[in-house]
Amino acid sequence: MTTRRQFLALACGTLAAGELRAQLDPNIQAKRKAALEAAISKVVGDAPVRPGKVKLDVPPLIDNGNTVPITVTVESPMTEAIYVKAIPLFTEKNPQPYVLTAHLGPRAGRATLSTRARIADTGRVIAIAELSDGSFWSDAVSVVVTLSACLEDGLI
Amino acid sequence: MARVAVTVPPSAKRGEIIEIKTLAQHEMETGFRRTQTGELVPRDIITGFVCRYNGVEVFRAELHQAMAANPLIAFTTVAAESGTLEFTWTGDHGYLANQKAEIKVV
Amino acid sequence: MRAAAFFFAVVCVWLQAAEIPLAERRSGYEFMGRETRAMQDDDTTNPALFSLLDGEQLWNRPDGTAARACAGCHGDAAQSMKGIAARYPTVAGGKPINLEQRINACRVEQQRAPAFAYESKELVALTAYVGRQSRGMPIAIEANDATRPRLEAGRALYERRQGQLNLSCSQCHDDNWGKLLAGSAIPQGHPTGYPIYRLEWQGMGSLERRLRNCMIGVRAEPYAYGSPEMVQLELYLMWRARGMKLETPAVRP
């Protein structure tokens, strides 16, 4: 299935032949879905991941997929008794699913993280919070990524 | 010289939660791009970041290709004691960057 | 090709596209999302930060056979460069000259150092540093006897159809601003923050680089860096944005 991005790229001739080869793999969506699921399993193992506690702040319509500001906040008292241990961040449609994994502890005071990601195509951004009690919580946001107008085509 | 910039409040009250913002100058070449002639541009990214507060790790992150160029990492920590916050970035091809910031906790 | 372009220019020059009324002008800043605007607003995390630091270093570094730094003559940039970028491009001896060219002229004549290449990291950084000293000030290009002929030439370039897509700047940025082109809002095209950190480039660049992007976008042959056409167009665009606040260094998608 050719995505709109690929079609536009073909129409505008903005992709080099090599990139075109890599993009047109007919199984690409299935492969990326599998990679995302594998990445999440690596973090959570068999444990259930419940929606909640995590708030993922991403613009729903992205100005440019090269730099997408993302903020993750997790409701947690961040005490020695109960705190957020790790926050892995994933995307659904990138060539590989990981963005960044933050490791925190009670000394963080608040479970919050801000960064900027690259998001290749319209799809979900997923944040998971691993708590010190072994539970996993998550939030996901669907974002729309469009091609930029007026590119350089290598002719800087 | 690897260029980085950190923003840490110079002073804080004991127990106050302070915001730390860090920026590293780095192209974060993903390794997925191809040149006009079709060759893959090799990966060159920052892969790790650590913040130590008077020698104790208080924050750590693993970075991947999906991080934007000139990566921003902002987080919080509790102003526990006066001293030095040390920030270290590591990455492909021996990339290493270090920055220190002093904080006075009253 | 040139003759055909000229012919079309002559035929189309009477087609005055609707200029945006002064009060309705909006900076590209307003067409960006909240989060992208926040990137520009926070000095500590604006991705242009490193370029500014580079610019400051270059400002203070003695260079050339004269072994002079910009600071050697101009002192503290925050004082001496205040308002400068808001008045460029300018016209000197009938020739339009932009800020990059002015900086290079100083390098060659005063520092006796080779000019920085267009779009080099150094030139962009220095231009960004100088531009930063005018941040918040209104763009101050005047239409006077010296500038008027160049402004008219610039306006003609702005309004002429070009490229395989046969579009003029004016058709998108005067007639269709605010509408969506492939999901992105078309801004009015005011150069209020150059040099910018463009998210698409994941780096800093000049107005000329952005204009070349536009021309490649309509499949036209882009004007060369520093060419008279390019600088006239820059002059016209800055005049079109007169009174709007300078935001250098801006962040744009």
# chains A, B, ... in the order shown; residues from 1 in each chain; ligands from 1
>>> interface_residues(of="chain C", to="chain A", cutoff="10 Å", atoms="only C-alpha atoms", output="PyMOL selection string")
chain C and resi 31-36+38-39+119+181-186+198-202+205+209-219+222+252-253
>>> interface_residues(of="chain C", to="chain B", cutoff="12 Å", atoms="only C-alpha atoms", output="list in words")
Met39, Asp42, Asp43, Thr44, Thr45, Asn46, Pro47, Ala48, Leu49, Phe50, Ser51, Leu53, Asp54, Tyr197, Arg198, Leu199, Glu200, Trp201, Gln202, Gly203 and Met204 of chain C
>>> residues_around(residues="stretch 77-94 of chain B", least_positions_apart="4", cutoff="7 Å", atoms="only C-alpha atoms", output="short mmCIF file (atom, residue, chain, number, x, y, z; two decimals) with C-alpha atoms, in the first residue's frame")
data_model
loop_
_atom_site.label_atom_id
_atom_site.label_comp_id
_atom_site.auth_asym_id
_atom_site.auth_seq_id
_atom_site.Cartn_x
_atom_site.Cartn_y
_atom_site.Cartn_z
CA ARG A 107 15.08 12.14 43.26
CA ALA A 108 13.25 13.39 40.17
CA GLY A 109 10.53 14.97 42.28
CA ALA B 12 16.92 26.80 44.97
CA LYS B 13 15.27 26.04 48.31
CA ARG B 14 15.96 22.66 49.84
CA GLY B 15 13.38 20.17 48.61
CA GLU B 16 12.24 22.38 45.73
CA ILE B 17 11.71 20.59 42.43
CA ILE B 18 13.87 22.30 39.80
CA GLU B 19 13.62 22.14 36.02
CA ASP B 44 25.86 8.88 13.82
CA ILE B 45 23.80 9.71 16.87
CA ILE B 46 24.02 10.45 20.56
CA THR B 47 23.02 7.25 22.32
CA GLY B 48 23.21 8.06 26.02
CA PHE B 49 22.73 10.87 28.50
CA VAL B 50 23.34 10.93 32.25
CA CYS B 51 22.85 13.55 34.91
CA ARG B 52 24.72 13.15 38.18
CA TYR B 53 24.08 15.26 41.25
CA ASN B 54 27.19 15.38 43.43
CA ASN B 98 30.42 17.00 29.37
CA GLN B 99 28.98 19.99 31.16
CA LYS B 100 28.85 21.00 34.80
CA ALA B 101 26.54 23.40 36.59
CA GLU B 102 26.75 24.62 40.16
CA ILE B 103 23.69 24.92 42.32
CA LYS B 104 23.33 26.57 45.70
CA VAL B 105 20.63 25.02 47.85
#
>>> residues_around(residues="C:Thr147", least_positions_apart="2", cutoff="12 Å", atoms="only C-alpha atoms", output="list in words")
Arg87, Tyr88, Pro89, Thr90, Val91, Ala92, Gly93, Gly94, Lys95, Pro96, Ile97, Ile141, Glu142, Ala143, Asn144, Asp145, Pro149, Arg150, Leu151, Glu152, Ala153, Gly154, Arg155, Val231, Gln232, Leu235, Tyr236, Met238 and Trp239 of chain C
>>> interface_residues(of="chain A", to="chain B", cutoff="6 Å", atoms="only C-alpha atoms", output="ChimeraX atom specification")
/A:16,18-19,67,99-104,107-109,112-118
>>> write_last_selection(atoms="C-alpha atoms", output="CSV table (one decimal), in the first residue's frame")
chain,number,residue,atom,x,y,z
A,16,ALA,CA,16.3,9.3,-4.8
A,18,GLY,CA,17.6,4.2,-3.4
A,19,GLU,CA,15.2,5.6,-0.9
A,67,THR,CA,11.3,18.0,15.1
A,99,VAL,CA,12.6,7.3,20.5
A,100,LEU,CA,14.1,7.5,23.9
A,101,THR,CA,13.9,5.8,27.3
A,102,ALA,CA,14.2,7.9,30.4
A,103,HIS,CA,15.3,6.3,33.7
A,104,LEU,CA,14.2,8.2,36.8
A,107,ARG,CA,15.1,12.1,43.3
A,108,ALA,CA,13.2,13.4,40.2
A,109,GLY,CA,10.5,15.0,42.3
A,112,THR,CA,8.1,14.5,33.6
A,113,LEU,CA,10.2,14.5,30.5
A,114,SER,CA,10.3,16.8,27.5
A,115,THR,CA,12.1,16.1,24.3
A,116,ARG,CA,11.9,16.5,20.5
A,117,ALA,CA,11.4,13.5,18.2
A,118,ARG,CA,11.4,12.7,14.5
>>> select_by_dssp(residues="chain A", states="helix (DSSP H, G or I)", output="PDB file with C-alpha atoms, in the first residue's frame")
ATOM      1  CA  ARG A   4       0.137   9.496   0.705  1.00  0.00           C
ATOM      2  CA  ARG A   5       3.654  10.551   1.628  1.00  0.00           C
ATOM      3  CA  GLN A   6       5.154   8.049  -0.807  1.00  0.00           C
ATOM      4  CA  PHE A   7       2.772   9.073  -3.564  1.00  0.00           C
ATOM      5  CA  LEU A   8       3.503  12.753  -3.071  1.00  0.00           C
ATOM      6  CA  ALA A   9       7.200  12.000  -3.003  1.00  0.00           C
ATOM      7  CA  LEU A  10       6.931  10.056  -6.246  1.00  0.00           C
ATOM      8  CA  ALA A  11       4.884  12.822  -7.840  1.00  0.00           C
ATOM      9  CA  CYS A  12       7.324  15.489  -6.811  1.00  0.00           C
ATOM     10  CA  ALA A  17      16.071   5.900  -6.372  1.00  0.00           C
ATOM     11  CA  GLY A  18      17.631   4.152  -3.402  1.00  0.00           C
ATOM     12  CA  GLU A  19      15.238   5.565  -0.863  1.00  0.00           C
ATOM     13  CA  LEU A  20      12.384   4.648  -3.173  1.00  0.00           C
ATOM     14  CA  ARG A  21      13.514   1.030  -3.153  1.00  0.00           C
ATOM     15  CA  ALA A  22      13.585   1.004   0.637  1.00  0.00           C
ATOM     16  CA  GLN A  23      10.184   2.680   0.963  1.00  0.00           C
ATOM     17  CA  ILE A  28       6.671  -2.428   5.493  1.00  0.00           C
ATOM     18  CA  GLN A  29       3.580  -1.717   7.602  1.00  0.00           C
ATOM     19  CA  ALA A  30       3.467  -5.270   8.947  1.00  0.00           C
ATOM     20  CA  LYS A  31       7.196  -5.201   9.697  1.00  0.00           C
ATOM     21  CA  ARG A  32       6.973  -1.938  11.562  1.00  0.00           C
ATOM     22  CA  LYS A  33       3.976  -3.101  13.549  1.00  0.00           C
ATOM     23  CA  ALA A  34       5.878  -6.229  14.540  1.00  0.00           C
ATOM     24  CA  ALA A  35       8.944  -4.199  15.494  1.00  0.00           C
ATOM     25  CA  LEU A  36       6.839  -1.925  17.692  1.00  0.00           C
ATOM     26  CA  GLU A  37       5.185  -4.860  19.427  1.00  0.00           C
ATOM     27  CA  ALA A  38       8.566  -6.511  19.987  1.00  0.00           C
ATOM     28  CA  ALA A  39       9.988  -3.313  21.427  1.00  0.00           C
ATOM     29  CA  ILE A  40       7.097  -2.903  23.833  1.00  0.00           C
ATOM     30  CA  SER A  41       7.314  -6.571  24.880  1.00  0.00           C
ATOM     31  CA  LYS A  42      10.971  -6.101  25.651  1.00  0.00           C
ATOM     32  CA  VAL A  43      10.027  -3.440  28.171  1.00  0.00           C
ATOM     33  CA  VAL A  44       6.893  -4.944  29.732  1.00  0.00           C
ATOM     34  CA  PRO A 106      12.468   9.379  43.643  1.00  0.00           C
ATOM     35  CA  ARG A 107      15.078  12.145  43.263  1.00  0.00           C
ATOM     36  CA  ALA A 108      13.248  13.385  40.174  1.00  0.00           C
TER      37      ALA A 108
END
>>> select_by_dssp(residues="chain A", states="strand (DSSP E)", output="MDAnalysis selection string")
chainID A and resid 49:51 54:57 61:62 68:74 84:91 98:103 111:117 123:131 136:145
>>> atom_distance(atom1="atom CA of C:Ala77", atom2="atom CA of C:Tyr29")
25.5 Å
>>> residues_around(residues="A:Lys53", least_positions_apart="5", cutoff="8 Å", atoms="only C-alpha atoms", output="compact mmCIF listing (two decimals) with N, CA and C atoms, in the first residue's frame")
# COMPACT_ATOMS: atom_id res chain seq x y z
N VAL A 74 3.75 11.79 34.21
CA VAL A 74 3.12 10.62 34.83
C VAL A 74 2.70 11.01 36.24
N GLU A 75 1.44 10.70 36.56
CA GLU A 75 0.96 10.97 37.93
C GLU A 75 1.67 10.02 38.86
N SER A 76 2.46 10.57 39.75
CA SER A 76 3.13 9.70 40.71
C SER A 76 3.70 10.54 41.82
N TRP A 137 1.86 1.54 32.74
CA TRP A 137 0.75 2.39 32.31
C TRP A 137 1.14 3.06 31.00
N SER A 138 0.13 3.48 30.24
CA SER A 138 0.50 4.08 28.95
C SER A 138 -0.48 5.14 28.49
>>> atom_distance(atom1="atom CA of C:Thr65", atom2="atom CA of C:Ala115")
12.8 Å
>>> atom_distance(atom1="atom CA of A:Glu130", atom2="atom CA of A:Pro48")
11.1 Å
>>> residues_around(residues="C:Arg107", least_positions_apart="4", cutoff="12 Å", atoms="only C-alpha atoms", output="number ranges by chain")
C: 58-59, 61-70, 73, 100-103, 111-117, 122-123, 126
>>> residues_around(residues="A:Ala47", least_positions_apart="4", cutoff="9 Å", atoms="only C-alpha atoms", output="list in words")
Ser41, Gly134, Ser135 and Phe136 of chain A
